[in-house]
Each structure stands twice: as C-alpha cells, then as structure tokens.
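What follows is work30.txt (compact mmCIF, C-alpha atoms and all ligand atoms).
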# COMPACT_ATOMS: atom_id res chain seq x y z
CA MET A 189 -14.85 26.71 -5.36
CA HIS A 190 -14.26 28.25 -1.95
CA ASN A 191 -17.79 29.43 -1.20
CA LEU A 192 -19.30 28.68 2.14
CA CYS A 193 -22.47 26.69 2.49
CA ARG A 194 -24.87 25.89 5.25
CA SER A 195 -24.96 22.21 6.12
CA TYR A 196 -25.69 19.89 9.02
CA GLY A 197 -28.21 22.16 10.77
CA THR A 198 -26.77 25.40 12.06
CA LYS A 199 -23.06 24.79 11.36
CA TRP A 200 -21.34 26.71 8.60
CA ARG A 201 -18.92 24.64 6.57
CA ARG A 202 -16.79 25.14 3.51
CA ASN A 203 -17.91 23.36 0.38
CA ILE A 204 -15.89 20.27 -0.27
CA THR A 205 -15.31 20.15 -3.98
CA ALA A 206 -13.08 17.10 -4.42
CA ARG A 207 -14.66 13.77 -5.30
CA ILE A 208 -13.77 11.23 -2.64
CA ILE A 209 -12.05 8.14 -4.03
CA ASP A 210 -13.61 5.38 -1.98
CA GLY A 211 -10.99 2.76 -1.17
CA LYS A 212 -13.42 0.70 0.90
CA THR A 213 -15.81 0.12 -1.99
CA ILE A 214 -13.06 -0.49 -4.55
CA SER A 215 -11.19 -2.87 -2.24
CA ALA A 216 -14.43 -4.81 -1.64
CA LYS A 217 -14.69 -5.29 -5.39
CA VAL A 218 -11.09 -6.59 -5.56
CA ARG A 219 -11.73 -8.96 -2.65
CA ALA A 220 -14.86 -10.30 -4.33
CA GLU A 221 -12.82 -10.97 -7.48
CA VAL A 222 -10.13 -12.71 -5.41
CA SER A 223 -12.77 -14.85 -3.61
CA GLU A 224 -14.09 -15.94 -6.98
CA GLY A 225 -10.54 -16.71 -8.16
CA VAL A 226 -9.90 -18.75 -5.00
CA ARG A 227 -13.09 -20.77 -5.60
CA THR A 228 -12.02 -21.54 -9.16
CA PHE A 229 -8.48 -22.42 -8.03
CA LYS A 230 -9.80 -24.78 -5.35
CA GLY A 231 -12.10 -26.45 -7.85
CA ALA A 232 -9.21 -27.08 -10.23
CA GLU A 233 -6.40 -27.89 -7.78
CA GLY A 234 -8.22 -29.36 -4.78
CA ARG A 235 -6.46 -26.98 -2.40
CA ALA A 236 -6.65 -23.33 -1.44
CA PRO A 237 -3.94 -20.76 -2.18
CA GLY A 238 -1.92 -20.16 1.00
CA LEU A 239 -0.13 -17.26 2.68
CA VAL A 240 2.24 -17.49 5.62
CA ALA A 241 3.19 -14.37 7.54
CA VAL A 242 6.33 -14.39 9.65
CA LEU A 243 6.15 -11.92 12.52
CA VAL A 244 9.18 -11.21 14.70
CA GLY A 245 8.99 -9.21 17.93
CA ASN A 246 6.32 -7.21 19.68
CA ASP A 247 5.62 -4.19 17.50
CA ALA A 248 1.95 -3.47 18.24
CA ALA A 249 1.13 -2.06 14.78
CA SER A 250 2.75 -5.08 13.08
CA HIS A 251 0.67 -7.45 15.21
CA THR A 252 -2.48 -5.58 14.13
CA TYR A 253 -1.48 -5.61 10.44
CA VAL A 254 -0.74 -9.34 10.54
CA ARG A 255 -4.03 -10.11 12.31
CA ASN A 256 -5.87 -8.18 9.61
CA LYS A 257 -4.03 -10.05 6.85
CA GLU A 258 -4.83 -13.39 8.49
CA LYS A 259 -8.51 -12.46 8.84
CA SER A 260 -8.66 -11.27 5.23
CA CYS A 261 -7.12 -14.50 3.95
CA ILE A 262 -9.73 -16.52 5.80
CA GLU A 263 -12.53 -14.33 4.42
CA VAL A 264 -11.52 -15.04 0.81
CA GLY A 265 -11.05 -18.77 1.50
CA MET A 266 -7.25 -18.95 1.57
CA THR A 267 -5.10 -21.09 3.82
CA THR A 268 -3.11 -18.96 6.23
CA GLU A 269 -0.63 -19.31 9.05
CA VAL A 270 1.18 -16.79 11.22
CA CYS A 271 4.60 -17.76 12.47
CA ARG A 272 5.26 -15.62 15.56
CA MET A 273 8.87 -15.40 16.71
CA PRO A 274 10.32 -13.58 19.73
CA ALA A 275 12.23 -10.30 19.40
CA SER A 276 15.38 -12.14 20.45
CA THR A 277 15.29 -14.33 17.29
CA THR A 278 18.58 -14.22 15.39
CA GLN A 279 18.73 -13.44 11.69
CA ASP A 280 19.99 -16.97 11.03
CA GLU A 281 17.02 -18.46 12.89
CA LEU A 282 14.65 -16.29 10.87
CA THR A 283 16.20 -17.17 7.51
CA THR A 284 16.08 -20.88 8.44
CA VAL A 285 12.32 -20.55 9.02
CA VAL A 286 11.87 -18.63 5.77
CA GLN A 287 13.73 -21.33 3.86
CA ALA A 288 11.55 -24.02 5.40
CA TYR A 289 8.45 -22.18 4.12
CA ASN A 290 10.09 -21.86 0.69
CA SER A 291 9.70 -25.61 0.29
CA ASP A 292 6.33 -25.93 2.06
CA PRO A 293 3.74 -26.66 -0.65
CA ARG A 294 0.86 -25.36 1.49
CA PHE A 295 2.05 -21.79 1.06
CA ASP A 296 2.24 -19.95 -2.26
CA GLY A 297 3.09 -16.66 -0.62
CA ILE A 298 5.52 -15.78 2.18
CA LEU A 299 5.71 -12.41 3.80
CA VAL A 300 8.06 -11.28 6.51
CA GLN A 301 6.33 -8.45 8.34
CA LEU A 302 8.42 -5.28 8.51
CA PRO A 303 9.91 -3.60 10.43
CA LEU A 304 12.15 -6.30 11.84
CA PRO A 305 13.95 -5.84 15.16
CA ARG A 306 16.97 -3.55 14.84
CA HIS A 307 19.57 -6.30 15.02
CA MET A 308 18.32 -7.71 11.70
CA ASN A 309 18.92 -6.60 8.14
CA ALA A 310 15.52 -6.68 6.41
CA ALA A 311 17.00 -6.44 2.91
CA MET A 312 19.18 -9.49 3.56
CA VAL A 313 16.28 -11.48 5.03
CA THR A 314 14.10 -10.66 2.01
CA ARG A 315 16.72 -12.27 -0.25
CA PHE A 316 16.08 -15.63 1.40
CA ILE A 317 12.42 -15.67 0.29
CA ASN A 318 11.86 -17.73 -2.85
CA PRO A 319 11.16 -14.97 -5.44
CA LEU A 320 8.24 -17.04 -6.74
CA LYS A 321 6.62 -16.81 -3.27
CA ASP A 322 7.62 -13.18 -2.62
CA VAL A 323 4.11 -11.70 -2.62
CA ASP A 324 5.37 -8.45 -1.07
CA GLY A 325 7.48 -7.92 -4.20
CA LEU A 326 10.57 -6.92 -2.22
CA HIS A 327 13.06 -9.55 -3.42
CA PRO A 328 15.63 -7.88 -5.72
CA GLU A 329 14.59 -10.24 -8.54
CA ASN A 330 11.00 -8.98 -8.36
CA MET A 331 12.08 -5.35 -8.00
CA GLY A 332 14.29 -5.78 -11.07
CA LEU A 333 11.52 -7.40 -13.10
CA LEU A 334 9.22 -4.47 -12.26
CA LEU A 335 11.82 -1.98 -13.40
CA ALA A 336 12.39 -3.98 -16.58
CA GLY A 337 8.67 -3.76 -17.40
CA GLU A 338 8.14 -7.48 -16.78
CA ALA A 339 6.52 -7.27 -13.36
CA ARG A 340 5.85 -10.52 -11.50
CA PHE A 341 4.98 -9.38 -7.96
CA VAL A 342 4.57 -5.66 -7.28
CA PRO A 343 4.29 -4.43 -3.67
CA ALA A 344 0.64 -4.24 -2.68
CA THR A 345 0.40 -0.55 -1.82
CA PRO A 346 1.63 0.74 -5.21
CA LEU A 347 -0.64 -1.80 -6.92
CA GLY A 348 -3.51 -0.53 -4.78
CA VAL A 349 -2.83 3.07 -5.78
CA GLN A 350 -2.81 2.15 -9.47
CA ARG A 351 -6.04 0.19 -9.10
CA LEU A 352 -7.76 3.07 -7.24
CA LEU A 353 -6.84 5.43 -10.06
CA ARG A 354 -8.09 2.99 -12.67
CA GLU A 355 -11.37 2.21 -10.92
CA ASP A 356 -12.06 5.90 -10.37
CA GLY A 357 -11.56 6.59 -14.08
CA ILE A 358 -8.53 8.83 -13.55
CA ARG A 359 -6.31 8.95 -16.61
CA VAL A 360 -2.72 8.21 -15.73
CA GLU A 361 -1.42 8.02 -19.30
CA GLY A 362 0.47 11.20 -20.10
CA ALA A 363 -0.21 12.70 -16.67
CA ARG A 364 2.44 14.43 -14.59
CA VAL A 365 2.66 12.28 -11.45
CA VAL A 366 4.62 13.54 -8.46
CA ILE A 367 5.38 11.02 -5.71
CA CYS A 368 6.60 12.26 -2.33
CA GLY A 369 8.66 9.42 -0.82
CA ARG A 370 11.14 6.92 -2.27
CA SER A 371 10.91 3.91 0.03
CA ASN A 372 11.39 0.44 -1.44
CA ILE A 373 7.86 -0.52 -0.41
CA VAL A 374 5.93 2.50 -1.72
CA GLY A 375 7.66 5.35 -3.57
CA LYS A 376 10.17 3.49 -5.76
CA PRO A 377 7.91 0.64 -6.93
CA LEU A 378 5.05 3.09 -7.51
CA ALA A 379 7.30 5.23 -9.69
CA ALA A 380 8.46 2.15 -11.59
CA LEU A 381 4.86 0.99 -12.05
CA LEU A 382 3.41 4.28 -13.29
CA MET A 383 6.29 5.10 -15.65
CA GLN A 384 5.99 1.85 -17.61
CA ARG A 385 4.60 1.85 -21.10
CA GLY A 386 1.06 0.49 -20.98
CA GLU A 387 -2.44 0.89 -19.69
CA GLY A 388 -2.90 2.61 -16.32
CA ALA A 389 0.69 3.87 -16.55
CA ASN A 390 2.76 5.78 -19.15
CA ALA A 391 2.94 8.78 -16.81
CA THR A 392 5.75 11.31 -16.47
CA VAL A 393 6.89 10.60 -12.94
CA THR A 394 8.84 12.78 -10.52
CA VAL A 395 9.99 11.28 -7.22
CA CYS A 396 10.62 13.63 -4.27
CA HIS A 397 12.48 12.92 -1.02
CA THR A 398 14.29 14.74 1.75
CA GLY A 399 16.95 15.82 -0.75
CA THR A 400 14.37 17.61 -2.93
CA ARG A 401 15.29 21.32 -3.01
CA ASP A 402 11.80 22.85 -3.09
CA LEU A 403 9.07 20.28 -2.51
CA ALA A 404 6.18 22.69 -3.12
CA VAL A 405 7.53 23.66 -6.55
CA GLU A 406 7.50 19.98 -7.53
CA THR A 407 4.11 19.12 -5.98
CA ARG A 408 2.39 22.09 -7.65
CA ARG A 409 3.33 20.64 -11.03
CA ALA A 410 1.40 17.44 -10.38
CA ASP A 411 -1.74 16.36 -12.18
CA ILE A 412 -1.67 13.42 -9.78
CA LEU A 413 0.04 14.02 -6.45
CA ILE A 414 0.87 10.97 -4.32
CA ALA A 415 1.99 11.55 -0.74
CA ALA A 416 3.94 8.78 1.00
CA THR A 417 6.30 10.42 3.47
CA GLY A 418 4.73 9.57 6.84
CA ASN A 419 4.61 13.26 7.87
CA PRO A 420 1.03 13.91 8.95
CA ARG A 421 -0.79 16.77 7.18
CA SER A 422 2.43 18.05 5.64
CA ILE A 423 0.95 18.41 2.14
CA THR A 424 -0.92 21.67 2.50
CA ALA A 425 -3.34 23.34 0.08
CA ASP A 426 -0.72 25.78 -1.24
CA MET A 427 1.33 22.77 -2.44
CA VAL A 428 -1.49 21.45 -4.64
CA ARG A 429 -2.42 22.59 -8.14
CA PRO A 430 -6.17 23.36 -8.35
CA GLY A 431 -7.91 20.39 -9.96
CA ALA A 432 -5.15 17.90 -9.16
CA VAL A 433 -5.90 14.35 -8.02
CA VAL A 434 -4.44 13.73 -4.55
CA ILE A 435 -3.64 10.23 -3.30
CA ASP A 436 -2.69 9.99 0.36
CA VAL A 437 -0.69 6.87 1.24
CA GLY A 438 0.45 8.14 4.64
CA ILE A 439 -0.91 6.67 7.84
CA SER A 440 0.26 8.16 11.13
CA ARG A 441 -1.16 8.00 14.61
CA ILE A 442 -1.67 11.45 16.02
CA GLU A 443 -2.77 12.34 19.52
CA ASP A 444 -6.48 13.07 19.88
CA LEU A 445 -7.73 13.21 23.42
CA THR A 446 -11.34 13.38 22.23
CA THR A 447 -11.17 9.73 21.15
CA LYS A 448 -11.35 6.71 23.45
CA SER A 449 -7.94 5.45 22.39
CA GLY A 450 -6.34 8.90 22.72
CA PHE A 451 -5.18 8.93 19.11
CA ARG A 452 -6.50 8.90 15.58
CA LEU A 453 -5.14 8.16 12.15
CA ALA A 454 -3.96 10.97 9.90
CA GLY A 455 -2.65 11.00 6.37
CA ASP A 456 0.19 13.04 4.90
CA VAL A 457 -2.33 15.44 3.37
CA ASP A 458 -4.02 18.35 5.12
CA TYR A 459 -7.32 16.84 4.05
CA GLY A 460 -9.90 19.61 4.66
CA PRO A 461 -8.17 22.51 2.86
CA VAL A 462 -6.72 20.27 0.13
CA SER A 463 -10.12 18.77 -0.66
CA GLU A 464 -11.35 22.29 -1.51
CA ILE A 465 -8.75 22.51 -4.26
CA ALA A 466 -8.27 18.97 -5.54
CA SER A 467 -10.60 17.38 -8.08
CA ALA A 468 -10.43 13.98 -6.35
CA ILE A 469 -8.84 12.81 -3.12
CA THR A 470 -8.41 9.67 -1.02
CA PRO A 471 -9.41 9.88 2.65
CA VAL A 472 -7.41 8.44 5.55
CA PRO A 473 -8.63 6.02 6.72
CA GLY A 474 -10.69 4.49 3.91
CA GLY A 475 -8.51 5.31 0.90
CA VAL A 476 -5.27 3.52 0.07
CA GLY A 477 -5.21 1.48 3.31
CA PRO A 478 -7.98 -1.01 2.43
CA MET A 479 -6.47 -1.47 -1.04
CA THR A 480 -3.17 -2.72 0.34
CA ILE A 481 -4.57 -5.91 1.88
CA ALA A 482 -6.85 -6.49 -1.12
CA MET A 483 -3.91 -6.33 -3.53
CA LEU A 484 -1.82 -8.57 -1.27
CA LEU A 485 -4.58 -11.19 -1.52
CA ASP A 486 -4.54 -10.77 -5.28
CA ASN A 487 -0.76 -11.34 -5.29
CA VAL A 488 -1.20 -14.55 -3.26
CA LEU A 489 -3.80 -15.84 -5.70
CA ARG A 490 -1.47 -15.04 -8.61
CA ALA A 491 1.42 -16.80 -6.84
CA ALA A 492 -0.74 -19.91 -6.50
CA GLN A 493 -1.75 -19.73 -10.16
CA LEU A 494 1.91 -19.29 -11.16
CA ALA A 495 2.93 -22.28 -9.02
CA THR A 496 0.49 -24.57 -10.82
CA SER A 497 1.40 -23.29 -14.28
CA ARG A 498 5.12 -24.08 -13.83
N1 LIG B 1 -1.84 2.84 3.19
C1 LIG B 1 -1.04 1.79 3.32
O1 LIG B 1 -1.44 0.65 3.18
C2 LIG B 1 0.40 2.02 3.60
C3 LIG B 1 1.36 1.09 3.23
C4 LIG B 1 2.71 1.39 3.44
C5 LIG B 1 3.03 2.59 4.06
N2 LIG B 1 2.04 3.44 4.45
C6 LIG B 1 2.33 4.73 5.09
O2 LIG B 1 2.95 5.56 4.11
C7 LIG B 1 3.89 6.41 4.72
C8 LIG B 1 5.24 6.15 4.07
O3 LIG B 1 5.63 4.81 4.31
P1 LIG B 1 7.07 4.27 3.90
O4 LIG B 1 7.18 2.89 4.42
O5 LIG B 1 7.26 4.53 2.45
O6 LIG B 1 7.98 5.26 4.77
P2 LIG B 1 9.55 5.47 4.83
O7 LIG B 1 10.26 4.22 4.53
O8 LIG B 1 9.81 6.19 6.10
O9 LIG B 1 9.84 6.48 3.63
C9 LIG B 1 9.42 7.81 3.67
C10 LIG B 1 9.90 8.51 2.43
O10 LIG B 1 9.44 9.84 2.48
C11 LIG B 1 10.52 10.73 2.30
N3 LIG B 1 10.30 11.93 3.12
C12 LIG B 1 10.18 12.00 4.46
N4 LIG B 1 10.01 13.27 4.83
C13 LIG B 1 10.00 14.01 3.71
C14 LIG B 1 9.87 15.39 3.43
N5 LIG B 1 9.69 16.28 4.41
N6 LIG B 1 9.92 15.82 2.16
C15 LIG B 1 10.11 14.92 1.15
N7 LIG B 1 10.23 13.60 1.33
C16 LIG B 1 10.19 13.16 2.60
C17 LIG B 1 11.75 10.00 2.75
O11 LIG B 1 12.87 10.54 2.08
P3 LIG B 1 14.38 9.97 2.25
O12 LIG B 1 14.44 8.74 1.39
O13 LIG B 1 15.22 11.07 1.73
O14 LIG B 1 14.53 9.69 3.71
C18 LIG B 1 11.43 8.57 2.34
O15 LIG B 1 11.81 8.33 1.00
C19 LIG B 1 3.82 6.07 6.21
O16 LIG B 1 2.91 6.93 6.83
C20 LIG B 1 3.29 4.66 6.23
O17 LIG B 1 2.60 4.36 7.45
C21 LIG B 1 0.75 3.18 4.22
Show how you would write the structure in this file as structure tokens.
Amino acid sequence: MHNLCRSYGTKWRRNITARIIDGKTISAKVRAEVSEGVRTFKGAEGRAPGLVAVLVGNDAASHTYVRNKEKSCIEVGMTTEVCRMPASTTQDELTTVVQAYNSDPRFDGILVQLPLPRHMNAAMVTRFINPLKDVDGLHPENMGLLLAGEARFVPATPLGVQRLLREDGIRVEGARVVICGRSNIVGKPLAALLMQRGEGANATVTVCHTGTRDLAVETRRADILIAATGNPRSITADMVRPGAVVIDVGISRIEDLTTKSGFRLAGDVDYGPVSEIASAITPVPGGVGPMTIAMLLDNVLRAAQLATSR
C-alpha cells in the first residue's frame, strides 16, 4: 500500500491507492438530468422553473457563489434573478424583500446567500422564506421534516454527499459514518439524512464537533469519514482507518505564493497521505463542491414540480 513507484519521468512518488470520487463527472450527470427535467416542465407548464438569490453586502466569496449559481441556472434553462442589497440593509428591509418573492410566481425557489452581515440574524431571516420555496432547506419546517424522515428540501451539500456515495457505488447501509462538523447547513442535515431508514442511508452516524473529547478515536472508527469543519488539512492519515471512504466537504483558501492569485483551495483532509490509506476519497476542488450547485438546481426543479402539483 505504501510502496514507492516511479512516475512522471524522473520524479519518485508514493503510490496513490484511493479511488478518486469524481464530483465533476457526477455533477455533470445530475445537471444533465435537471436540464431534461426543466425541458419537460417547460413543455407542460409553459414556463421555466425559477430561482431568486438574495445577496446582501460585499462578501467576495458570496458574490462568486451567487454568480456561479446564476450561471448554472441559465445553463439548465431556468429563470433566475439576483437581488443585490447593500451591507447597510436592515433586517426588516430584507424580510420585506423575501416576502415579496414568496408571492412572486416567477420564482419557485428563494435563497438568501449566507453569511449575512453581522447585524442580521440569519436564522430569523430564514423563517420568512415560504417553506415551499426554501430550496436551501434551512427553514425550521424543512429541517423538521428531514428529521422526521419526510424530507421535502434537504440542504444541497448533504444531498450532494449522499449522491456522490450512491453514484460511486459506496454502500452506506449499515456503515459506520463519522461526520466532523455539526453546522445547520452541512453536519446536522447530513447526519439526519444518512441515519434515516431507506436506500442510500440507514447508517450508524456519529457527529463530532469542538466538544468531542478525542476526535481521532472517533474518526478511526469510520467506514465513511466526512470532514466538514473548515480546518484545512486537519484530518491526517493517522486519523483514518485503512480502507475507509473519505469525503472532504471543507473548502478553505490557503496562501500559496506559487499561484497567480496568491492562494489556493484546500480541503479539511490532508489529501496526499490520506489517499494512501483510504479506499476512496473526494478531491478539493472537484469533489463535493460541484455537487452542491447541481443539487441546488435539482431542489429548484422539485420546488417547481411541487408548486404545480398543489
Ligand atoms: N463543498 C461545498 O459545497 C461546501 C458547502 C458548505 C460548506 N463547505 C465548507 O465546509 C466547511 C464547513 O462549513 P460549515 O458551514 O459547516 O462550517 P461551520 O458553520 O463553521 O461549522 C463547522 C463545524 O465544524 C466543527 N469544528 C470546527 N473545528 C473543529 C475541530 N477542530 N474538531 C471538531 N469539530 C470542529 C464546529 O464545531 P462547533 O459546532 O462545536 O463549533 C462546527 O460544528 C467549510 O470549509 C466550508 O467552506 C463546503
């Protein structure tokens, strides 16, 4: 497993044993399915499914994420709009805008891009989104339905992780899954999703966080280890059971003066050494990231289908 091999001319490299779970290819498949669904929906309803993104403030990463979502909507044939509001917007002004979109028939999905400026309470704002248009799955009604095993909208990243596992043929049923991170957008909904009775789930799930006494003891028990803490390269090889499947949700910018931008993206997993131990692993970028937008598009299509079936 740890033998050295000669590759790429004269350089000596370690053998990489883990299969790479290719999020780009799998997300392209999901997008193609969504495009097809959009075509069918348009044919039947005479309109495209629509997503509006509300973006408050100047956070550079949020602007990039929203641009990518907008572009992706257009690519699959959806109607899309971005409502950009200044950082000085009050919470009341924001909730008024959200409520206006609740009754706008052009949009089946509404997302309020997080994080919001500090003077706002994101959880409170989320409660103003019509739960039937809450394609981010963050409204308490949707979180509750997920926990109850009657999911309506599940946050896109957990859905993307589940789909990656399924498409790669990794058996979740009966597996010991350890999730590092308990945020409302990743860790908690992912735990709720994978612990449900049913296909692609039925796992025994452990959720770790900063209160976990010995993280490595927990992570070494995992058949499927999912890292979502935002601490770059913090999951090291000694924390991984040989043969485990490793899913890296983390995306952090780390300084890299060899690149033009001066930074590069890193996951939570120490990729090189861990890929010599794991049986399968997601890269960063190119793993979970592309799945998130693809599953968001899928949620928007489902919201549109739900709206017409009511
Ligand atoms: N690929 C994608 O599309 C995608 C989507 C969403 C997020 N992300 C990335 O995923 C990462 C997590 O995002 P998030 O929104 O869930 O972050 P978050 O809200 O900051 O939550 C991080 C979670 O990790 C836990 N944690 C932090 N340090 C830890 C440690 N040393 N040991 C154990 N647990 C620890 C925290 O525990 P406490 O609760 O105790 O504080 C918290 O529950 C970030 O890098 C983010 O950029 C990627």
Requested in this report: Grab me every residue within 6 Å of ligand LIG 1 (chain B), counting all atoms listed in the file, and send it over as a ChimeraX atom specification.
Outcome: /A:345,368-371,373-374,396-399,416-418,437-440,476-477,480
Query raised in the report: Please, what distance in Å, to one decimal, runs between atom CA of Glu281 of chain A and atom CA of Gly238 of chain A?
Result: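 Separation between atom CA of Glu281 of chain A and atom CA of Gly238 of chain A: 22.4 Å.
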Requested in this report: Please provide as a PyMOL selection string all residues within 6 Å of Ile469 of chain A, with the sequence filter that same-chain residues fewer than 4 positions apart are discarded (counting only C-alpha atoms).
Outcome: chain A and resi 208-209+433-435
Neighbourhood query: residues within 9 Å of (-12.5, -1.6, -0.4), file coordinates, counting all atoms listed in the file; return as a PDB file with C-alpha atoms, keeping the file's coordinate frame.
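Below is the file that was written, part_8.pdb:
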ATOM      1  CA  ASP A 210     -13.610   5.380  -1.980  1.00  0.00           C
ATOM      2  CA  GLY A 211     -10.990   2.760  -1.170  1.00  0.00           C
ATOM      3  CA  LYS A 212     -13.420   0.700   0.900  1.00  0.00           C
ATOM      4  CA  THR A 213     -15.810   0.120  -1.990  1.00  0.00           C
ATOM      5  CA  ILE A 214     -13.060  -0.490  -4.550  1.00  0.00           C
ATOM      6  CA  SER A 215     -11.190  -2.870  -2.240  1.00  0.00           C
ATOM      7  CA  ALA A 216     -14.430  -4.810  -1.640  1.00  0.00           C
ATOM      8  CA  LYS A 217     -14.690  -5.290  -5.390  1.00  0.00           C
ATOM      9  CA  VAL A 218     -11.090  -6.590  -5.560  1.00  0.00           C
ATOM     10  CA  ARG A 219     -11.730  -8.960  -2.650  1.00  0.00           C
ATOM     11  CA  GLY A 474     -10.690   4.490   3.910  1.00  0.00           C
ATOM     12  CA  GLY A 475      -8.510   5.310   0.900  1.00  0.00           C
ATOM     13  CA  VAL A 476      -5.270   3.520   0.070  1.00  0.00           C
ATOM     14  CA  GLY A 477      -5.210   1.480   3.310  1.00  0.00           C
ATOM     15  CA  PRO A 478      -7.980  -1.010   2.430  1.00  0.00           C
ATOM     16  CA  MET A 479      -6.470  -1.470  -1.040  1.00  0.00           C
ATOM     17  CA  ALA A 482      -6.850  -6.490  -1.120  1.00  0.00           C
TER      18      ALA A 482
END
Query - Who sits within 9 Å of Asp324 of chain A, all atoms listed in the file, same chain under 5 positions skipped, as JSON, numbers by chain - result: {"A": [297, 298, 299, 300, 341, 342, 343, 344, 373, 484, 487]}
Report task. Figure out the distance between atom CA of Leu453 of chain A and atom CA of Ser422 of chain A, please, to one decimal in Å. Result ->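 Interatomic distance, atom CA of Ser422 of chain A to atom CA of Leu453 of chain A: 14.1 Å.
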Query raised in the report: What residues have an atom no more than 7 Å from (5.8, 17.4, -10.5) in the file's own frame, counting all atoms listed in the file, and can you write them as a list in words?
Result: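 Within 7 Å of (5.8, 17.4, -10.5), the protein and nucleic acid residues are Arg364, Val365, Val366, Thr394, Glu406, Thr407, Arg408, Arg409 and Ala410 of chain A.
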Could you write out the selected residues, including C-alpha atoms, as a PDB file, in the frame of the given file?
ATOM      1  CA  ARG A 364       2.440  14.430 -14.590  1.00  0.00           C
ATOM      2  CA  VAL A 365       2.660  12.280 -11.450  1.00  0.00           C
ATOM      3  CA  VAL A 366       4.620  13.540  -8.460  1.00  0.00           C
ATOM      4  CA  THR A 394       8.840  12.780 -10.520  1.00  0.00           C
ATOM      5  CA  GLU A 406       7.500  19.980  -7.530  1.00  0.00           C
ATOM      6  CA  THR A 407       4.110  19.120  -5.980  1.00  0.00           C
ATOM      7  CA  ARG A 408       2.390  22.090  -7.650  1.00  0.00           C
ATOM      8  CA  ARG A 409       3.330  20.640 -11.030  1.00  0.00           C
ATOM      9  CA  ALA A 410       1.400  17.440 -10.380  1.00  0.00           C
TER      10      ALA A 410
END
Report task. Could you check how far atom CA of Ala379 of chain A sits from atom CA of Ile358 of chain A, in Å to one decimal? Result -> 16.7 Å
Query - Near-Phe229 of chain A list (12 Å; all atoms listed in the file; drop same-chain fewer than 3 positions) as a list in words - result: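 These residues fall inside the cut-off: Val222, Ser223, Glu224, Gly225, Val226, Ala232, Glu233, Gly234, Arg235, Ala236, Pro237, Gly238, Val264, Gly265, Met266, Val488, Leu489, Arg490, Ala491, Ala492, Gln493, Leu494, Ala495, Thr496 and Ser497 of chain A.
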Query raised in the report: Taking into account all atoms listed in the file, which residue in the set A:Pro420, A:Leu381, A:Asp280, A:Lys259 is nearest to Gly332 of chain A?
Result: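 Comparing A:Pro420, A:Leu381, A:Asp280, A:Lys259 against Gly332 of chain A, the winner is A:Leu381.
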Requested in this report: Kindly indicate which residue among A:Leu445, A:Met331, A:Val286, A:Ala415 lies nearest to Tyr459 of chain A, using all atoms listed in the file for the distances.
Outcome: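 Checking each of A:Leu445, A:Met331, A:Val286, A:Ala415 against Tyr459 of chain A, counting all atoms listed in the file, the winner is A:Ala415.
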Requested in this report: Have a look at A:Ala220, A:Leu353, A:Ala339, A:Leu304 and name the one nearest to Ser276 of chain A; count all atoms listed in the file.
Outcome: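 Residue with the minimum atom-to-atom distance to Ser276 of chain A: A:Leu304.
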**Report entry** Nearest-residue call for Val395 of chain A, choices A:Ala466, A:Leu382, A:Val240, A:Ile481, using all atoms listed in the file
**Finding:**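 Checking each candidate against Val395 of chain A, we get A:Leu382 as the closest.
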Query raised in the report: Of the candidates A:Val313, A:Ala380, A:Ala389, A:Met308, which shows the shortest atom-to-atom distance to Leu334 of chain A, using only C-alpha atoms?
Result: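 Nearest candidate to Leu334 of chain A out of A:Val313, A:Ala380, A:Ala389, A:Met308: A:Ala380.
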